[in-house]
file data19.txt (compact mmCIF, C-alpha atoms)
# COMPACT_ATOMS: atom_id res chain seq x y z
CA MET Z 273 -44.65 -137.57 85.86
CA ARG Z 274 -47.80 -137.56 87.99
CA ALA Z 275 -48.68 -136.16 91.43
CA ALA Z 276 -52.03 -136.23 93.23
CA ASP Z 277 -51.39 -135.62 96.93
CA GLY Z 278 -50.42 -139.26 97.46
CA PHE Z 279 -53.71 -140.84 96.35
CA THR Z 280 -53.05 -144.07 94.35
CA GLY Z 281 -49.73 -145.32 93.09
CA ARG Z 282 -50.35 -144.63 89.41
CA ALA Z 283 -51.34 -141.01 90.07
CA ASN Z 284 -48.21 -140.38 92.15
CA SER Z 285 -45.40 -141.91 90.14
CA THR Z 286 -43.28 -141.42 87.05
CA LEU Z 287 -44.18 -143.80 84.25
CA THR Z 288 -41.12 -145.38 82.62
CA CYS Z 289 -41.61 -146.23 78.96
CA GLY Z 290 -39.57 -145.51 75.85
CA ASP Z 291 -36.30 -143.61 75.76
CA PRO Z 292 -36.06 -140.83 78.39
CA GLY Z 293 -33.52 -138.98 76.22
CA VAL Z 294 -30.95 -138.91 79.02
CA PRO Z 295 -29.06 -141.60 80.99
CA ILE Z 296 -31.31 -143.60 83.32
CA ARG Z 297 -29.65 -142.18 86.44
CA GLU Z 298 -30.41 -138.64 85.26
CA ALA Z 299 -34.01 -139.58 84.50
CA LEU Z 300 -34.39 -141.10 87.97
CA ALA Z 301 -32.88 -138.01 89.57
CA ALA Z 302 -35.42 -135.87 87.70
CA ALA Z 303 -38.23 -138.13 88.90
CA GLU Z 304 -36.98 -137.83 92.47
CA ARG Z 305 -36.80 -134.02 92.27
CA PHE Z 306 -40.32 -133.90 90.82
CA ALA Z 307 -41.67 -136.06 93.66
CA LEU Z 308 -39.98 -134.03 96.38
CA ARG Z 309 -41.21 -130.81 94.79
CA HIS Z 310 -44.77 -132.11 94.99
CA GLY Z 311 -44.49 -133.62 98.47
CA ILE Z 312 -44.88 -137.26 97.45
CA ALA Z 313 -42.61 -140.29 97.77
CA PRO Z 314 -40.17 -140.72 94.84
CA THR Z 315 -41.65 -143.58 92.81
CA VAL Z 316 -41.32 -144.94 89.29
CA HIS Z 317 -43.88 -147.17 87.60
CA VAL Z 318 -42.03 -149.94 85.75
CA VAL Z 319 -43.30 -152.72 83.49
CA VAL Z 320 -41.94 -156.08 84.64
CA GLY Z 321 -39.30 -157.36 82.23
CA SER Z 322 -38.87 -154.00 80.49
CA GLU Z 323 -35.49 -152.91 79.23
CA HIS Z 324 -35.21 -150.27 81.96
CA GLU Z 325 -35.48 -152.60 84.97
CA PRO Z 326 -31.79 -153.62 85.22
CA ALA Z 327 -30.59 -150.01 84.93
CA ILE Z 328 -33.08 -148.84 87.56
CA ALA Z 329 -31.83 -151.54 89.93
CA ASP Z 330 -28.20 -150.61 89.20
CA ALA Z 331 -29.03 -147.01 90.12
CA GLY Z 332 -29.89 -148.12 93.65
CA TRP Z 333 -33.68 -148.22 93.37
CA ARG Z 334 -35.67 -151.17 94.76
CA VAL Z 335 -39.14 -152.64 94.28
CA ASN Z 336 -41.54 -151.15 96.83
CA LEU Z 337 -42.54 -154.29 98.70
CA ASP Z 338 -44.64 -152.22 101.12
CA HIS Z 339 -46.94 -150.76 98.48
CA PRO Z 340 -50.54 -150.92 99.85
CA GLY Z 341 -51.87 -152.52 96.69
CA GLY Z 342 -49.18 -155.20 96.62
CA ALA Z 343 -45.66 -155.23 95.22
CA GLU Z 344 -46.75 -156.41 91.77
CA SER Z 345 -49.90 -155.92 89.71
CA GLN Z 346 -51.06 -157.21 86.38
CA VAL Z 347 -52.98 -155.39 83.67
CA MET Z 348 -55.74 -157.46 82.08
CA THR Z 349 -57.64 -156.75 78.88
CA GLY Z 350 -60.60 -158.29 77.11
CA PRO Z 351 -63.52 -157.59 74.71
CA LEU Z 352 -66.50 -155.84 76.28
CA GLU Z 353 -69.12 -157.58 74.18
CA LYS Z 354 -68.49 -160.86 75.99
CA PHE Z 355 -69.90 -159.65 79.31
CA ALA Z 356 -71.80 -156.40 78.71
CA SER Z 357 -75.35 -156.20 80.08
CA GLY Z 358 -77.99 -153.58 80.77
CA VAL Z 359 -76.85 -150.10 81.80
CA ALA Z 360 -77.72 -148.81 85.26
CA VAL Z 361 -75.00 -146.35 86.24
CA SER Z 362 -74.89 -142.95 87.94
CA ARG Z 363 -72.51 -140.00 87.49
CA ASP Z 364 -72.11 -139.45 91.24
CA LEU Z 365 -73.47 -141.18 94.35
CA PRO Z 366 -72.45 -140.21 97.91
CA GLY Z 367 -72.60 -143.85 98.92
CA TRP Z 368 -70.20 -144.76 96.12
CA TRP Z 369 -67.47 -142.58 97.60
CA ASP Z 370 -68.05 -143.97 101.10
CA MET Z 371 -67.72 -147.50 99.73
CA THR Z 372 -64.53 -146.97 97.73
CA THR Z 373 -62.54 -144.23 99.48
CA GLY Z 374 -64.00 -143.72 102.96
CA SER Z 375 -66.30 -141.11 104.44
CA GLU Z 376 -63.82 -138.22 104.16
CA VAL Z 377 -63.34 -137.62 100.44
CA THR Z 378 -60.34 -135.44 99.60
CA ALA Z 379 -59.95 -133.07 96.68
CA ALA Z 380 -57.22 -135.32 95.26
CA GLN Z 381 -59.52 -138.34 95.36
CA ARG Z 382 -62.27 -136.48 93.55
CA HIS Z 383 -59.80 -135.26 90.94
CA VAL Z 384 -58.19 -138.65 90.29
CA LEU Z 385 -61.45 -140.58 90.17
CA GLY Z 386 -63.88 -137.98 88.86
CA SER Z 387 -62.05 -135.90 86.27
CA GLY Z 388 -62.69 -136.41 82.58
CA GLY Z 389 -65.84 -136.36 80.49
CA ASN Z 390 -66.48 -140.09 80.04
CA VAL Z 391 -66.47 -141.28 83.65
CA CYS Z 392 -69.18 -143.24 85.45
CA PHE Z 393 -69.77 -144.66 88.91
CA ALA Z 394 -71.87 -147.82 89.13
CA SER Z 395 -73.18 -149.18 92.40
CA LEU Z 396 -75.63 -151.65 93.88
CA THR Z 397 -77.61 -151.01 97.05
CA ASP Z 398 -79.30 -153.11 99.70
CA ASN Z 399 -81.86 -151.40 101.92
CA GLY Z 400 -80.49 -148.00 100.93
CA THR Z 401 -76.83 -148.89 101.59
CA VAL Z 402 -74.28 -149.19 98.80
CA VAL Z 403 -72.91 -152.73 98.97
CA ALA Z 404 -70.91 -152.86 95.73
CA ALA Z 405 -69.31 -150.23 93.52
CA VAL Z 406 -67.06 -149.78 90.48
CA ARG Z 407 -65.66 -146.92 88.39
CA GLY Z 408 -65.43 -146.84 84.61
CA ALA Z 409 -63.74 -144.36 82.26
CA VAL Z 410 -63.71 -144.46 78.46
CA VAL Z 411 -60.58 -143.22 76.66
CA GLU Z 412 -60.85 -143.62 72.86
CA ASP Z 413 -62.02 -147.23 72.42
CA VAL Z 414 -60.88 -148.57 75.82
CA LEU Z 415 -62.99 -148.83 78.98
CA HIS Z 416 -60.74 -148.53 82.03
CA VAL Z 417 -62.27 -150.26 85.07
CA ALA Z 418 -61.16 -149.46 88.64
CA ARG Z 419 -62.20 -149.37 92.30
CA LEU Z 420 -64.32 -152.51 92.12
CA ALA Z 421 -65.41 -153.24 95.68
CA VAL Z 422 -68.00 -155.43 97.39
CA ARG Z 423 -68.79 -155.34 101.10
CA PRO Z 424 -67.67 -158.56 102.86
CA SER Z 425 -71.26 -159.24 103.94
CA HIS Z 426 -72.42 -159.34 100.30
CA ARG Z 427 -69.62 -161.25 98.59
CA ARG Z 428 -70.11 -164.49 96.63
CA GLN Z 429 -73.51 -163.29 95.41
CA GLY Z 430 -72.50 -162.35 91.88
CA LEU Z 431 -72.52 -158.61 92.54
CA ALA Z 432 -69.05 -157.96 91.08
CA ARG Z 433 -69.98 -159.79 87.88
CA ARG Z 434 -73.22 -157.81 87.63
CA LEU Z 435 -71.41 -154.49 88.09
CA MET Z 436 -68.83 -155.40 85.48
CA GLY Z 437 -71.63 -156.16 83.04
CA GLU Z 438 -73.31 -152.83 83.70
CA VAL Z 439 -70.19 -150.73 83.32
CA ALA Z 440 -69.26 -152.70 80.17
CA GLY Z 441 -72.65 -151.91 78.67
CA TRP Z 442 -72.11 -148.23 79.49
CA GLY Z 443 -68.71 -148.37 77.79
CA LEU Z 444 -70.09 -149.98 74.64
CA GLU Z 445 -72.62 -147.16 74.31
CA ARG Z 446 -69.70 -144.71 74.25
CA GLY Z 447 -67.68 -146.48 71.61
CA ALA Z 448 -65.44 -148.68 73.75
CA THR Z 449 -64.66 -152.18 72.52
CA THR Z 450 -61.99 -153.30 74.98
CA CYS Z 451 -61.77 -153.47 78.76
CA ALA Z 452 -58.55 -152.74 80.68
CA LEU Z 453 -58.04 -153.10 84.42
CA GLN Z 454 -55.33 -153.53 87.05
CA VAL Z 455 -55.32 -156.19 89.77
CA ALA Z 456 -52.77 -157.33 92.36
CA VAL Z 457 -51.19 -160.63 91.32
CA ASP Z 458 -52.11 -162.23 94.65
CA ASN Z 459 -55.82 -161.37 94.29
CA GLN Z 460 -56.72 -164.72 92.79
CA ALA Z 461 -60.47 -164.34 93.37
CA ALA Z 462 -60.62 -161.16 91.28
CA ILE Z 463 -58.31 -162.57 88.59
CA GLY Z 464 -60.56 -165.63 88.35
CA LEU Z 465 -63.62 -163.44 87.80
CA TYR Z 466 -61.92 -161.37 85.11
CA GLU Z 467 -60.71 -164.50 83.34
CA GLU Z 468 -64.27 -165.84 83.31
CA LEU Z 469 -65.33 -162.57 81.66
CA GLY Z 470 -62.79 -163.13 78.88
CA CYS Z 471 -59.91 -160.97 80.14
CA THR Z 472 -56.29 -162.11 79.86
CA GLU Z 473 -53.01 -160.77 81.22
CA HIS Z 474 -51.45 -158.04 79.07
CA HIS Z 475 -48.43 -157.18 81.26
CA ARG Z 476 -47.31 -156.73 84.86
CA TYR Z 477 -45.83 -153.72 86.61
CA ARG Z 478 -44.18 -152.77 89.89
CA TYR Z 479 -43.36 -149.55 91.72
CA TRP Z 480 -39.72 -148.80 92.47
CA THR Z 481 -38.36 -146.33 95.04
CA PRO Z 482 -34.83 -145.21 95.98
CA ALA Z 483 -33.22 -147.68 98.37
CA GLY Z 484 -33.63 -146.51 101.94
CA SER Z 485 -36.31 -143.94 101.10
call {"tool": "encode", "arguments": {"input": "data19.txt", "output": "structure tokens"}}
result
Amino acid sequence: MRAADGFTGRANSTLTCGDPGVPIREALAAAERFALRHGIAPTVHVVVGSEHEPAIADAGWRVNLDHPGGAESQVMTGPLEKFASGVAVSRDLPGWWDMTTGSEVTAAQRHVLGSGGNVCFASLTDNGTVVAAVRGAVVEDVLHVARLAVRPSHRRQGLARRLMGEVAGWGLERGATTCALQVAVDNQAAIGLYEELGCTEHHRYRYWTPAGS
């Protein structure tokens, strides 16, 4: 169960995996109480095709079709050594936050994106302005990549590929061997890039909420 003042779906949902130890309806009720207690929307994070999906639907929960990131996302994984390049990352850049979250950075955003020892923020600038950015975090031997963004005026110039190479090189230096990332299933441009870097689909997930919530 995770709560972070509403910032990102993963950080404000209950992950469903394994046996909850109680009937599914009781587990969902606990998730709903947790969410209401923390002032966030009741949400469960469900792997597509998992054994829990039918029971969650039978309990009156529905896929959140209005989720800002899209109703369905896929997790992709791949070996870092295939696309790692030179390392040019920074621990914190004001322009990075402006690029990925907006000018007003909340405490929840800083906690979700900045907490942990092995976290980096890579960015590229043009005339002093950040035009592309990405976040990387190493957990054991996996580099988790997130918040990849390129300004519309600088797209189709290879900046996303360059950033991915830099953050992959940073991850290799810290013992990571595998990359993991999430992307909306309708973001074909990003999926195409990740596939070119050697990443493949591992699984898909969706967020479910109580019907009528």
call {"tool": "closest_residue", "arguments": {"input": "data19.txt", "among": "Z:Pro482, Z:Pro424, Z:Gly464, Z:Gly321", "to": "Cys289 (chain Z)", "atoms": "only C-alpha atoms"}}
result
Z:Gly321
call {"tool": "residues_around", "arguments": {"input": "data19.txt", "residues": "Tyr477 (chain Z)", "least_positions_apart": "5", "cutoff": "10 Å", "atoms": "only C-alpha atoms", "output": "PyMOL selection string"}}
result
chain Z and resi 317-322+343-347+454+456-457
call {"tool": "residues_around", "arguments": {"input": "data19.txt", "residues": "Cys471 (chain Z)", "least_positions_apart": "5", "cutoff": "7 Å", "atoms": "only C-alpha atoms", "output": "number ranges by chain"}}
result
Z: 348-350, 466
call {"tool": "residues_around", "arguments": {"input": "data19.txt", "residues": "Thr450 (chain Z)", "least_positions_apart": "6", "cutoff": "8 Å", "atoms": "all atoms listed in the file", "output": "PyMOL selection string"}}
result
chain Z and resi 349-352+413-415
call {"tool": "atom_distance", "arguments": {"input": "data19.txt", "atom1": "CA of Leu308 (chain Z)", "atom2": "CA of Arg476 (chain Z)"}}
result
26.5 Å
call {"tool": "atom_distance", "arguments": {"input": "data19.txt", "atom1": "CA of Leu396 (chain Z)", "atom2": "CA of Gly278 (chain Z)"}}
result
28.3 Å
call {"tool": "atom_distance", "arguments": {"input": "data19.txt", "atom1": "CA of Trp480 (chain Z)", "atom2": "CA of Ala418 (chain Z)"}}
result
21.8 Å
call {"tool": "closest_residue", "arguments": {"input": "data19.txt", "among": "Z:Thr449, Z:Arg428, Z:Gly386, Z:Glu438", "to": "Ala462 (chain Z)", "atoms": "all atoms listed in the file"}}
result
Z:Arg428
call {"tool": "residues_near_point", "arguments": {"input": "data19.txt", "point": "(-58.1, -152.2, 95.8)", "cutoff": "9 Å", "atoms": "all atoms listed in the file", "output": "mmCIF file with C-alpha atoms, keeping the file's coordinate frame"}}
result
data_model
loop_
_atom_site.group_PDB
_atom_site.id
_atom_site.type_symbol
_atom_site.label_atom_id
_atom_site.label_comp_id
_atom_site.auth_asym_id
_atom_site.auth_seq_id
_atom_site.Cartn_x
_atom_site.Cartn_y
_atom_site.Cartn_z
ATOM 1 C CA PRO Z 340 -50.540 -150.920 99.850
ATOM 2 C CA GLY Z 341 -51.870 -152.520 96.690
ATOM 3 C CA THR Z 372 -64.530 -146.970 97.730
ATOM 4 C CA ALA Z 418 -61.160 -149.460 88.640
ATOM 5 C CA ARG Z 419 -62.200 -149.370 92.300
ATOM 6 C CA LEU Z 420 -64.320 -152.510 92.120
ATOM 7 C CA ALA Z 421 -65.410 -153.240 95.680
ATOM 8 C CA VAL Z 455 -55.320 -156.190 89.770
ATOM 9 C CA ALA Z 456 -52.770 -157.330 92.360
#
call {"tool": "closest_residue", "arguments": {"input": "data19.txt", "among": "Z:Gly441, Z:Gly342, Z:Gly400, Z:Gly290", "to": "Glu323 (chain Z)", "atoms": "all atoms listed in the file"}}
result
Z:Gly290
call {"tool": "build_atoms", "arguments": {"input": "data19.txt", "residues": "region 276-287 of chain Z", "atoms": "N, CA, C and O atoms", "output": "tab-separated table (two decimals), in the coordinates of the input"}}
result
chain	number	residue	atom	x	y	z
Z	276	ALA	N	-50.64	-136.45	92.82
Z	276	ALA	CA	-52.03	-136.23	93.23
Z	276	ALA	C	-52.17	-136.37	94.74
Z	276	ALA	O	-53.02	-137.11	95.24
Z	277	ASP	N	-51.29	-135.67	95.47
Z	277	ASP	CA	-51.39	-135.62	96.93
Z	277	ASP	C	-51.31	-137.01	97.56
Z	277	ASP	O	-51.86	-137.26	98.62
Z	278	GLY	N	-50.64	-137.95	96.87
Z	278	GLY	CA	-50.42	-139.26	97.46
Z	278	GLY	C	-51.51	-140.28	97.23
Z	278	GLY	O	-51.38	-141.43	97.68
Z	279	PHE	N	-52.61	-139.91	96.53
Z	279	PHE	CA	-53.71	-140.84	96.35
Z	279	PHE	C	-53.49	-141.70	95.11
Z	279	PHE	O	-53.45	-141.18	93.99
Z	280	THR	N	-53.33	-142.98	95.29
Z	280	THR	CA	-53.05	-144.07	94.35
Z	280	THR	C	-51.61	-144.04	93.86
Z	280	THR	O	-51.00	-142.98	93.74
Z	281	GLY	N	-51.09	-145.22	93.58
Z	281	GLY	CA	-49.73	-145.32	93.09
Z	281	GLY	C	-49.56	-144.75	91.70
Z	281	GLY	O	-48.61	-144.02	91.42
Z	282	ARG	N	-50.49	-145.09	90.80
Z	282	ARG	CA	-50.35	-144.63	89.41
Z	282	ARG	C	-50.38	-143.11	89.32
Z	282	ARG	O	-49.69	-142.52	88.49
Z	283	ALA	N	-51.20	-142.47	90.15
Z	283	ALA	CA	-51.34	-141.01	90.07
Z	283	ALA	C	-50.23	-140.28	90.81
Z	283	ALA	O	-50.22	-139.04	90.84
Z	284	ASN	N	-49.30	-141.01	91.40
Z	284	ASN	CA	-48.21	-140.38	92.15
Z	284	ASN	C	-46.88	-141.07	91.84
Z	284	ASN	O	-46.12	-141.42	92.73
Z	285	SER	N	-46.63	-141.24	90.56
Z	285	SER	CA	-45.40	-141.91	90.14
Z	285	SER	C	-45.01	-141.43	88.75
Z	285	SER	O	-45.80	-140.82	88.04
Z	286	THR	N	-43.78	-141.72	88.39
Z	286	THR	CA	-43.28	-141.42	87.05
Z	286	THR	C	-43.34	-142.70	86.22
Z	286	THR	O	-42.75	-143.71	86.59
Z	287	LEU	N	-44.06	-142.65	85.12
Z	287	LEU	CA	-44.18	-143.80	84.25
Z	287	LEU	C	-42.92	-143.94	83.41
Z	287	LEU	O	-42.47	-142.98	82.79
